[in-house]
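**Student:** Shown below is the structure under consideration.
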Amino acid sequence: MSVRRPGALWQTPAMVEGLLLDMDGVLTISFEPMPGAVETVAWLQASGVPFRIVTNTTTHTRAALAETLGRIGFGLEPDDIVTAVAGTAEYLRSHHAGARVFLLSDGDATADLDAVFLVGPGEEADVVVL
């Protein structure tokens, strides 16, 4: 029986199909990078390992997050980040295409709700997103 030593998987990035990395608490704490996080993401990018940064934030767009993370050393594009809003938008497009959606949120992440028909207060809605 062979025993794989710790880290052996990372020496062969081709064996990794992809990674999901949580933003707050794994890569950052209060938008400050965790030790080694910036270097790890740069290594993943250089090695060609597919990854996405995931977060449950609803108060920042993916573009705003990419910009903020860029200021602390992460070289990310908005498409590298998956937010709760982006996931909700994908679900709505797939399961409620054309529905009138009322969004109740404490932030303005509407830029990540492309192709979702948003309605305002007092307008008829088919779907309510909290």
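Identifiers for the structure tokens are assigned positionally: chains receive A, B, ... in sequence, residues are indexed from 1 per chain, and ligands are indexed from 1 in the order shown.
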For the structure I just gave you, how does DSSP split chain A - specifically, which residues are strand (DSSP E or B)? Reply as a ChimeraX atom specification.
**Tutor:** /A:19-22,24,28-29,32-33,51-54,81-82,100-103,117-119,127-129
**Student:** Include N, CA, C and O atoms and write out the residues we just selected as an mmCIF file, in the first residue's frame.
**Tutor:**
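The resulting file, selection-v4.cif, is shown below:
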```
data_model
loop_
_atom_site.group_PDB
_atom_site.id
_atom_site.type_symbol
_atom_site.label_atom_id
_atom_site.label_comp_id
_atom_site.auth_asym_id
_atom_site.auth_seq_id
_atom_site.Cartn_x
_atom_site.Cartn_y
_atom_site.Cartn_z
ATOM 1 N N LEU A 19 -11.187 24.100 -7.677
ATOM 2 C CA LEU A 19 -11.288 24.418 -6.261
ATOM 3 C C LEU A 19 -12.289 25.539 -6.043
ATOM 4 O O LEU A 19 -12.399 26.457 -6.862
ATOM 5 N N LEU A 20 -12.976 25.474 -4.932
ATOM 6 C CA LEU A 20 -13.805 26.570 -4.454
ATOM 7 C C LEU A 20 -13.166 27.055 -3.162
ATOM 8 O O LEU A 20 -12.953 26.264 -2.236
ATOM 9 N N LEU A 21 -12.846 28.337 -3.117
ATOM 10 C CA LEU A 21 -12.190 28.914 -1.952
ATOM 11 C C LEU A 21 -13.102 29.968 -1.339
ATOM 12 O O LEU A 21 -13.487 30.926 -2.019
ATOM 13 N N ASP A 22 -13.426 29.803 -0.072
ATOM 14 C CA ASP A 22 -14.261 30.786 0.604
ATOM 15 C C ASP A 22 -13.452 32.054 0.836
ATOM 16 O O ASP A 22 -12.264 32.005 1.155
ATOM 17 N N ASP A 24 -14.197 35.093 2.968
ATOM 18 C CA ASP A 24 -14.035 35.603 4.318
ATOM 19 C C ASP A 24 -13.792 34.464 5.298
ATOM 20 O O ASP A 24 -14.602 33.561 5.431
ATOM 21 N N THR A 28 -9.395 35.826 3.380
ATOM 22 C CA THR A 28 -9.317 37.132 4.042
ATOM 23 C C THR A 28 -10.083 37.098 5.356
ATOM 24 O O THR A 28 -10.944 36.248 5.577
ATOM 25 N N ILE A 29 -9.756 38.064 6.189
ATOM 26 C CA ILE A 29 -10.573 38.369 7.360
ATOM 27 C C ILE A 29 -10.756 39.880 7.335
ATOM 28 O O ILE A 29 -9.776 40.633 7.368
ATOM 29 N N GLU A 32 -8.647 41.742 4.864
ATOM 30 C CA GLU A 32 -7.194 41.677 5.026
ATOM 31 C C GLU A 32 -6.782 40.249 4.681
ATOM 32 O O GLU A 32 -7.410 39.300 5.155
ATOM 33 N N PRO A 33 -5.728 40.081 3.856
ATOM 34 C CA PRO A 33 -5.382 38.722 3.432
ATOM 35 C C PRO A 33 -4.837 37.861 4.569
ATOM 36 O O PRO A 33 -4.096 38.355 5.427
ATOM 37 N N PHE A 51 -10.354 27.602 -10.404
ATOM 38 C CA PHE A 51 -10.866 27.904 -9.075
ATOM 39 C C PHE A 51 -11.857 29.056 -9.155
ATOM 40 O O PHE A 51 -11.885 29.814 -10.124
ATOM 41 N N ARG A 52 -12.657 29.167 -8.116
ATOM 42 C CA ARG A 52 -13.550 30.302 -7.927
ATOM 43 C C ARG A 52 -13.501 30.682 -6.459
ATOM 44 O O ARG A 52 -13.349 29.827 -5.584
ATOM 45 N N ILE A 53 -13.626 31.964 -6.211
ATOM 46 C CA ILE A 53 -13.747 32.479 -4.855
ATOM 47 C C ILE A 53 -15.250 32.556 -4.579
ATOM 48 O O ILE A 53 -15.997 33.117 -5.379
ATOM 49 N N VAL A 54 -15.691 31.993 -3.460
ATOM 50 C CA VAL A 54 -17.111 32.012 -3.137
ATOM 51 C C VAL A 54 -17.340 32.824 -1.871
ATOM 52 O O VAL A 54 -16.489 32.858 -0.980
ATOM 53 N N ILE A 81 -15.223 35.310 -9.074
ATOM 54 C CA ILE A 81 -15.922 35.380 -7.790
ATOM 55 C C ILE A 81 -17.382 34.973 -7.974
ATOM 56 O O ILE A 81 -18.053 35.436 -8.886
ATOM 57 N N VAL A 82 -17.847 34.100 -7.084
ATOM 58 C CA VAL A 82 -19.242 33.673 -7.078
ATOM 59 C C VAL A 82 -19.863 34.176 -5.776
ATOM 60 O O VAL A 82 -19.401 33.821 -4.695
ATOM 61 N N ARG A 100 -41.088 38.642 -12.951
ATOM 62 C CA ARG A 100 -40.908 39.955 -12.337
ATOM 63 C C ARG A 100 -40.419 39.709 -10.909
ATOM 64 O O ARG A 100 -41.103 39.056 -10.120
ATOM 65 N N VAL A 101 -39.228 40.239 -10.591
ATOM 66 C CA VAL A 101 -38.562 39.914 -9.329
ATOM 67 C C VAL A 101 -38.444 41.159 -8.451
ATOM 68 O O VAL A 101 -37.911 42.183 -8.884
ATOM 69 N N PHE A 102 -38.939 41.040 -7.237
ATOM 70 C CA PHE A 102 -38.751 42.092 -6.244
ATOM 71 C C PHE A 102 -37.597 41.675 -5.350
ATOM 72 O O PHE A 102 -37.616 40.597 -4.749
ATOM 73 N N LEU A 103 -36.574 42.519 -5.263
ATOM 74 C CA LEU A 103 -35.369 42.236 -4.486
ATOM 75 C C LEU A 103 -35.376 43.077 -3.228
ATOM 76 O O LEU A 103 -35.448 44.305 -3.294
ATOM 77 N N PHE A 117 -35.497 40.548 -14.426
ATOM 78 C CA PHE A 117 -36.415 41.672 -14.508
ATOM 79 C C PHE A 117 -36.818 42.104 -13.103
ATOM 80 O O PHE A 117 -37.650 41.476 -12.452
ATOM 81 N N LEU A 118 -36.198 43.168 -12.621
ATOM 82 C CA LEU A 118 -36.461 43.657 -11.270
ATOM 83 C C LEU A 118 -37.609 44.658 -11.272
ATOM 84 O O LEU A 118 -37.725 45.480 -12.176
ATOM 85 N N VAL A 119 -38.445 44.563 -10.234
ATOM 86 C CA VAL A 119 -39.531 45.513 -10.046
ATOM 87 C C VAL A 119 -39.332 46.201 -8.702
ATOM 88 O O VAL A 119 -38.663 45.679 -7.803
ATOM 89 N N VAL A 127 -41.804 36.805 -8.121
ATOM 90 C CA VAL A 127 -40.826 36.199 -7.212
ATOM 91 C C VAL A 127 -40.308 37.301 -6.295
ATOM 92 O O VAL A 127 -40.051 38.421 -6.737
ATOM 93 N N VAL A 128 -40.155 36.962 -5.017
ATOM 94 C CA VAL A 128 -39.543 37.879 -4.048
ATOM 95 C C VAL A 128 -38.249 37.245 -3.579
ATOM 96 O O VAL A 128 -38.229 36.083 -3.174
ATOM 97 N N VAL A 129 -37.172 38.014 -3.643
ATOM 98 C CA VAL A 129 -35.867 37.539 -3.182
ATOM 99 C C VAL A 129 -35.484 38.331 -1.943
ATOM 100 O O VAL A 129 -35.451 39.559 -1.969
#
```
**Student:** Within 7 Å of region 37-45 of chain A, counting only C-alpha atoms, which residues qualify if same-chain residues fewer than 6 places away don't, as a PyMOL selection string?
**Tutor:** chain A and resi 27+73-74
**Student:** Export, as a PDB file, in the first residue's frame, the selected residues with N, CA and C atoms.
**Tutor:**
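File written: result-v6.pdb
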```
ATOM      1  N   LEU A  27      -9.518  33.144   2.787  1.00  0.00           N
ATOM      2  CA  LEU A  27      -8.551  33.982   2.077  1.00  0.00           C
ATOM      3  C   LEU A  27      -8.337  35.321   2.777  1.00  0.00           C
ATOM      4  N   GLY A  73      -3.763  42.737  -3.037  1.00  0.00           N
ATOM      5  CA  GLY A  73      -2.799  41.832  -3.651  1.00  0.00           C
ATOM      6  C   GLY A  73      -3.332  40.696  -4.482  1.00  0.00           C
ATOM      7  N   PHE A  74      -4.638  40.448  -4.442  1.00  0.00           N
ATOM      8  CA  PHE A  74      -5.207  39.361  -5.235  1.00  0.00           C
ATOM      9  C   PHE A  74      -5.465  39.863  -6.654  1.00  0.00           C
TER      10      PHE A  74
END
```
**Student:** Just how far from CA of Gly25 (chain A) is CA of Glu77 (chain A), in Å to one decimal?
**Tutor:**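 We find that CA of Glu77 (chain A) and CA of Gly25 (chain A) lie 20.0 Å from each other.
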**Student:** Which is closest to Ala66 (chain A) among A:Leu113, A:Ala125, A:Met15, A:Met23, if we use only C-alpha atoms?
**Tutor:**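 Of all the options, A:Met23 lies closest to Ala66 (chain A).
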**Student:** Which of chain A end up as helix (DSSP H, G or I) when DSSP is run on this backbone - answer as an mmCIF file with C-alpha atoms, in the first residue's frame?
**Tutor:**
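The new file selection.cif reads:
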```cif
data_model
loop_
_atom_site.group_PDB
_atom_site.id
_atom_site.type_symbol
_atom_site.label_atom_id
_atom_site.label_comp_id
_atom_site.auth_asym_id
_atom_site.auth_seq_id
_atom_site.Cartn_x
_atom_site.Cartn_y
_atom_site.Cartn_z
ATOM 1 C CA LEU A 9 -1.598 16.374 -4.736
ATOM 2 C CA TRP A 10 -0.490 19.985 -5.088
ATOM 3 C CA GLN A 11 2.693 18.949 -6.831
ATOM 4 C CA PRO A 13 -2.047 20.358 -10.415
ATOM 5 C CA ALA A 14 -3.382 18.357 -13.380
ATOM 6 C CA MET A 15 -4.972 15.994 -10.853
ATOM 7 C CA ALA A 37 -3.437 33.502 0.653
ATOM 8 C CA VAL A 38 -2.289 35.964 -2.023
ATOM 9 C CA GLU A 39 0.633 33.716 -2.945
ATOM 10 C CA THR A 40 -1.590 30.627 -3.049
ATOM 11 C CA VAL A 41 -4.097 32.243 -5.401
ATOM 12 C CA ALA A 42 -1.232 33.457 -7.622
ATOM 13 C CA TRP A 43 0.177 29.916 -7.663
ATOM 14 C CA LEU A 44 -3.219 28.473 -8.611
ATOM 15 C CA GLN A 45 -3.480 30.970 -11.465
ATOM 16 C CA ALA A 46 0.062 30.262 -12.687
ATOM 17 C CA SER A 47 -0.510 26.500 -12.441
ATOM 18 C CA ARG A 62 -18.438 40.843 -7.938
ATOM 19 C CA ALA A 63 -16.715 43.792 -9.633
ATOM 20 C CA ALA A 64 -16.464 45.684 -6.340
ATOM 21 C CA LEU A 65 -15.109 42.592 -4.589
ATOM 22 C CA ALA A 66 -12.522 42.018 -7.325
ATOM 23 C CA GLU A 67 -11.418 45.651 -7.016
ATOM 24 C CA THR A 68 -11.208 45.488 -3.217
ATOM 25 C CA LEU A 69 -9.320 42.189 -3.292
ATOM 26 C CA GLY A 70 -7.019 43.624 -5.958
ATOM 27 C CA ARG A 71 -6.010 46.447 -3.618
ATOM 28 C CA PRO A 78 -15.222 39.570 -11.329
ATOM 29 C CA ASP A 79 -15.863 36.240 -13.079
ATOM 30 C CA ASP A 80 -13.469 34.590 -10.597
ATOM 31 C CA ALA A 84 -24.953 34.673 -3.319
ATOM 32 C CA VAL A 85 -26.427 37.291 -5.661
ATOM 33 C CA ALA A 86 -24.732 35.779 -8.731
ATOM 34 C CA GLY A 87 -26.005 32.329 -7.731
ATOM 35 C CA THR A 88 -29.495 33.707 -7.205
ATOM 36 C CA ALA A 89 -29.404 35.396 -10.616
ATOM 37 C CA GLU A 90 -28.404 32.139 -12.301
ATOM 38 C CA TYR A 91 -31.202 30.300 -10.516
ATOM 39 C CA LEU A 92 -33.761 32.934 -11.498
ATOM 40 C CA ARG A 93 -32.640 32.903 -15.149
ATOM 41 C CA SER A 94 -32.834 29.097 -15.238
ATOM 42 C CA HIS A 95 -36.019 28.503 -13.257
ATOM 43 C CA THR A 110 -28.174 44.669 -8.794
ATOM 44 C CA ALA A 111 -25.292 44.810 -11.299
ATOM 45 C CA ASP A 112 -24.908 41.056 -10.743
#
```
**Student:** I'd like the neighbourhood of Asp106 (chain A) as a PDB file with N, CA and C atoms, in the first residue's frame, where a residue qualifies if any of its atoms comes within 10 Å (using only C-alpha atoms), though same-chain residues fewer than 3 positions away should be ignored.
**Tutor:**
```
ATOM      1  N   THR A  58     -24.041  39.797   0.120  1.00  0.00           N
ATOM      2  CA  THR A  58     -25.084  40.326  -0.756  1.00  0.00           C
ATOM      3  C   THR A  58     -24.961  41.844  -0.891  1.00  0.00           C
ATOM      4  N   THR A  59     -23.953  42.420  -0.273  1.00  0.00           N
ATOM      5  CA  THR A  59     -23.844  43.880  -0.247  1.00  0.00           C
ATOM      6  C   THR A  59     -22.799  44.441  -1.201  1.00  0.00           C
ATOM      7  N   LEU A 103     -36.574  42.519  -5.263  1.00  0.00           N
ATOM      8  CA  LEU A 103     -35.369  42.236  -4.486  1.00  0.00           C
ATOM      9  C   LEU A 103     -35.376  43.077  -3.228  1.00  0.00           C
ATOM     10  N   ALA A 109     -26.444  45.179  -5.103  1.00  0.00           N
ATOM     11  CA  ALA A 109     -25.720  44.224  -5.934  1.00  0.00           C
ATOM     12  C   ALA A 109     -26.488  43.953  -7.224  1.00  0.00           C
ATOM     13  N   LEU A 130     -35.218  37.624  -0.859  1.00  0.00           N
ATOM     14  CA  LEU A 130     -34.825  38.257   0.408  1.00  0.00           C
ATOM     15  C   LEU A 130     -33.344  38.109   0.619  1.00  0.00           C
TER      16      LEU A 130
END
```
**Student:** Have a look at CA of Thr61 (chain A) and CA of Asp108 (chain A) and let me know their distance in Å, one decimal.
**Tutor:**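 Value for the CA of Thr61 (chain A)-CA of Asp108 (chain A) distance: 7.6 Å.
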